[in-house]
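Below is one structure, written out as structure tokens; the observations come after it.
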Amino acid sequence: MEESVIIDDVAINIFEYRADELILSNSRDELIDFVLAIDKPHFVFDDWFIEVRYFYTLANCYAKAHKYHNTDWYSDDLTKAIINYRKALHIIKSNPYPNINHVNLRSRIETNLANWLSSQGRGLCCIPHWDTAIELDNNPVALISKAENELFIAQHLYDESHVYYHYFQAYQLICLGLKNIDLLHDEQKIAYAEDGKFLVFKAWFESNFKLSDFDGYKTFKEETETRKQRDYLKWCGDNHLFLNDLNDVCTNEIVYQDILTMPSFSQMINKSLAMHEELIYHGNFDEIKNDYCYARYLIFTAKGIPNYQEHFFNKTYPHIDDSAHTITNLKVNHYKSAFRTLYSIFDKIAYLLNSFFNLNEVDEKIYFHNVFGELKKGKLKPHKKLVDSQNCFLHALFYILKDIRDSNQKDANCDTASRWLDPDAKSFSEVRNAMEHRSLKIVDEFGHSLTQSDIEFHKPLVEELKDEVEILQCKLEELYIEIAKAKRVDDTVLKAKLEKQKEHLENKLESVRNMLHEKHKRSSYSLLITDAEFESRLFTLIKLVRNSIMYLSFAIHLDQCNKSNDGALMMPRNVPLKEDW
């Protein structure tokens, strides 16, 4: 067992200096040796800010050491930077009284985390982190990265009207970045070189558009029938929950539509297909959207219900007071239904992709895990047909799988991205499995604290039972020796007496073991989670699902853009819409 090592201000300064030195020198082998030497679980930190600096330094080292041109796109090594950025971010966000140094470091953490997510094809997941960095201190690197991302998204859209708005966003960011150019290092200023893409794009934009061309995006008003509908749409927009790429960069009423759909794709003429079979992918995508919108509305509705407001739906029976302080009202059941619906969407996305991209046999059991990955020697790898894929949006979906399903669950010593997606909450799979197969109890903070106090109170009693098992086992081993001796000397009286003692101890040992077994069985039966924790997890889940649906659409569009028709006869067709729309 290794002894703890204290990391103080002097030590972290040495770590940071050496890391910067190796990163600038591009000494990959030395950098890997260095990061392996300092990535130690037994470090103890003088204060929380030193710990943040440590994880930030570690993340920067991993980011530099494991770049995509050196590593397979799906490698676990590419997750190490994200894990450590998230650790640093979690700690620094927990500090309620930040000073200017804390704000500056958080801005850099948010920016680097966003840049790394972007490199995984997650062009939507990264935007909130850049936004935070820009809001904190107009981080010039975040401005550059977000501008590049806006151009990237515009490049992969099939809706031209949306493309122009992303151009507008990129233009505004480039102009803001120029105002902060003096804050950049020389190598970062290259982005604004006279013949560079930013200034070339800026000149092109100014020659083709006026800023007033985009006034309509702010002044547009969505018609609503009721106040509740308006409140719902505003809540969706403010939380960036519409299936609409514009909602990632603005919350104006122009985004109050789930406009994203199945992109156009080519298919061979096949007379054997029934009409609904020709539209099966469009219909399935519409079904996924419908499930998502239903879950989103359930969350909105539940948020307006007080924790202990009763409802007639479950007033038809007397409720047990199980001392767990469980909330069983309509609010919690809406939340649970939303969680189930959202989680199931991942498998529906997988089924659509499996069929569209011909990954597995049609009749094979399909779910998110076996389409996007398979566990080999404890590590998650993508489907064999996706290993060489250059489709960055399929990469994004693979990494979302790694976020929601811990690929190293059996290795308690292995850190994962899933663990650090939302460190204060239970893993998605743990919550889902408890909800579907065992028992999930949602309680308020006060009830949870009472339950935890009761659990802590009984811990010494459990330890006493474990100690008693060891004592009884020792006594039995001694008796076995004594009984053997009595047999050798043929002392039947002593042997009978010792056998009786043995029977008594074995019965007692079995009784104590049964109590411990009962304790383990019952303590692991229910998963207890606070309402705030479950709500936090649910919001993280809905945003991952929302982004996954959008990545699905982008992935299919990108595939079609890169695909040739091999000379087959293709005919365009319009996708019919229901009359109400």
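Note on naming: chains are A, B, ... as they come in the structure tokens, residues start from 1 per chain, ligands start from 1 in the order shown.
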Neighbouring residues of A:His319 were defined as those with any atom within 12 Å, considering only C-alpha atoms; residues of the same chain fewer than 5 positions away were excluded. Please report them as a CSV table (one decimal) with N, CA and C atoms, in the first residue's frame.
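Contents of the output file result_33.csv:
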```csv
chain,number,residue,atom,x,y,z
A,310,GLU,N,-50.8,15.8,-3.4
A,310,GLU,CA,-51.5,14.5,-3.7
A,310,GLU,C,-52.3,14.6,-5.0
A,314,ASN,N,-53.5,7.8,-7.3
A,314,ASN,CA,-53.1,6.7,-6.4
A,314,ASN,C,-53.7,6.9,-5.0
A,325,HIS,N,-39.1,7.6,3.6
A,325,HIS,CA,-39.5,9.0,3.2
A,325,HIS,C,-39.7,9.1,1.7
A,326,THR,N,-40.2,8.1,1.1
A,326,THR,CA,-40.4,8.0,-0.4
A,326,THR,C,-41.5,8.9,-0.9
A,327,ILE,N,-41.2,9.7,-1.9
A,327,ILE,CA,-42.2,10.5,-2.6
A,327,ILE,C,-42.9,9.7,-3.7
A,328,THR,N,-44.2,9.6,-3.6
A,328,THR,CA,-44.9,8.7,-4.6
A,328,THR,C,-46.0,9.4,-5.3
A,329,ASN,N,-45.9,10.8,-5.4
A,329,ASN,CA,-46.9,11.5,-6.0
A,329,ASN,C,-46.8,11.6,-7.6
```
Near-A:Pro140 list (8 Å; only C-alpha atoms; drop same-chain fewer than 4 positions) as a tab-separated table (two decimals) with C-alpha atoms, in the first residue's frame:
```tsv
chain	number	residue	atom	x	y	z
A	134	ILE	CA	-17.26	33.50	-22.95
A	144	ILE	CA	-12.19	31.18	-31.87
A	177	GLY	CA	-12.55	37.85	-31.08
A	180	ASN	CA	-9.78	40.58	-27.78
A	181	ILE	CA	-6.93	39.62	-30.12
A	183	LEU	CA	-5.11	38.53	-25.22
A	184	LEU	CA	-4.01	35.72	-27.55
```
**Message:** Which residue is closest to A:Pro382? Choose from A:Asp76, A:Asn138, A:Asp46, A:Glu456 and count only C-alpha atoms.
**Reply:**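 Going through A:Asp76, A:Asn138, A:Asp46, A:Glu456 one by one, the smallest distance to A:Pro382 is for A:Asp76.
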**Asked** Residues of stretch 23-93 of chain A in alpha helix (DSSP H) according to DSSP, as JSON, numbers by chain?
**Response** {"A": [23, 24, 25, 28, 29, 30, 31, 32, 33, 34, 35, 36, 37, 38, 48, 49, 50, 51, 52, 53, 54, 55, 56, 57, 58, 59, 60, 61, 62, 63, 64, 65, 77, 78, 79, 80, 81, 82, 83, 84, 85, 86, 87, 88, 89, 90, 91, 92, 93]}
**Request:** From a DSSP pass on the backbone, collect the residues of stretch 280-525 of chain A flagged as strand (DSSP E or B) and hand them back as number ranges by chain.
**Result:** A: 326, 374-376, 379-381, 439-443
**Prompt:** Quick one: residues within 9 Å of A:Leu359, only C-alpha atoms counted, chain neighbours fewer than 2 positions away excluded, as a list of chain:residue names?
**Reply:**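 Here the qualifying residues turn out to be A:Leu353, A:Asn354, A:Ser355, A:Phe356, A:Phe357, A:Glu361, A:Val362, A:Val371, A:His383, A:Lys384, A:Lys385, A:Leu386.
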Selection above as a file: N, CA and C atoms, as a tab-separated table (two decimals), in the first residue's frame:
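Result written to selection.tsv:
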```tsv
chain	number	residue	atom	x	y	z
A	353	LEU	N	-30.29	3.07	-36.93
A	353	LEU	CA	-28.96	3.05	-37.53
A	353	LEU	C	-28.55	1.66	-37.97
A	354	ASN	N	-28.91	0.67	-37.19
A	354	ASN	CA	-28.57	-0.71	-37.54
A	354	ASN	C	-29.16	-1.08	-38.89
A	355	SER	N	-30.41	-0.69	-39.10
A	355	SER	CA	-31.07	-1.00	-40.37
A	355	SER	C	-30.54	-0.13	-41.49
A	356	PHE	N	-30.40	1.17	-41.23
A	356	PHE	CA	-30.00	2.10	-42.29
A	356	PHE	C	-28.59	1.81	-42.79
A	357	PHE	N	-27.68	1.49	-41.86
A	357	PHE	CA	-26.28	1.27	-42.22
A	357	PHE	C	-25.93	-0.21	-42.36
A	361	GLU	N	-27.52	-8.33	-38.51
A	361	GLU	CA	-28.63	-9.00	-39.16
A	361	GLU	C	-29.95	-8.39	-38.70
A	362	VAL	N	-30.93	-8.36	-39.58
A	362	VAL	CA	-32.21	-7.72	-39.30
A	362	VAL	C	-32.90	-8.32	-38.08
A	371	VAL	N	-24.84	-2.07	-31.16
A	371	VAL	CA	-24.69	-1.39	-32.45
A	371	VAL	C	-23.44	-0.52	-32.43
A	383	HIS	N	-18.62	-0.99	-33.19
A	383	HIS	CA	-18.98	-2.08	-34.11
A	383	HIS	C	-17.91	-2.20	-35.19
A	384	LYS	N	-17.63	-3.42	-35.61
A	384	LYS	CA	-16.53	-3.65	-36.56
A	384	LYS	C	-16.71	-2.89	-37.87
A	385	LYS	N	-17.96	-2.62	-38.27
A	385	LYS	CA	-18.20	-1.88	-39.50
A	385	LYS	C	-18.01	-0.37	-39.31
A	386	LEU	N	-17.86	0.07	-38.05
A	386	LEU	CA	-17.68	1.50	-37.78
A	386	LEU	C	-16.24	1.84	-37.40
```
**Request:** Find the spatial neighbours of A:Leu199, counting only C-alpha atoms, within a cut-off of 12 Å - ignore same-chain residues fewer than 2 positions away - and output them as a list of chain:residue names.
**Result:** A:Ala147, A:Ala170, A:Tyr171, A:Leu173, A:Ile174, A:Cys175, A:Gly177, A:Leu178, A:Lys189, A:Ile190, A:Ala191, A:Tyr192, A:Ala193, A:Glu194, A:Asp195, A:Gly196, A:Lys197, A:Phe201, A:Lys202, A:Ala203, A:Trp204, A:Phe205, A:Glu206
**Item:** Residue neighbourhood stretch 161-165 of chain A, 10 Å, only C-alpha atoms, exclusion window fewer than 3 positions, as a VMD selection string
**Value:** chain A and resid 150 to 151 153 to 158 168 to 171 205 209 213 to 214 217 244 to 246 249
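As for atom CA of A:Ala88 and atom CA of A:Ser4, they are spaced 20.1 Å apart.
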**Request:** Using only C-alpha atoms, find the one residue out of A:Phe554, A:Phe43, A:Phe152, A:Phe55 that sits nearest to A:Asn391.
**Result:** A:Phe554
**Item:** Spatial neighbours of stretch 505-519 of chain A, max dist 9 Å, only C-alpha atoms, sep filter under 6 positions, as a list in words
**Value:**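 Using only C-alpha atoms, the neighbours found are Val462, Leu465, Lys466, Glu468, Val469, Leu472, Gln473, Lys475 and Leu476 of chain A.
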**Request:** Counting only C-alpha atoms, figure out which residue out of A:Ser523, A:Arg230, A:Gly121, A:Leu544 gets nearest to A:Lys459.
**Result:**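 Using only C-alpha atoms, the shortest distance to A:Lys459 belongs to A:Ser523.
Nearest to A:Asn60 of all the residues A:Asn101, A:Asn115, A:Thr224, A:Thr301 is A:Asn115, based on only C-alpha atoms.
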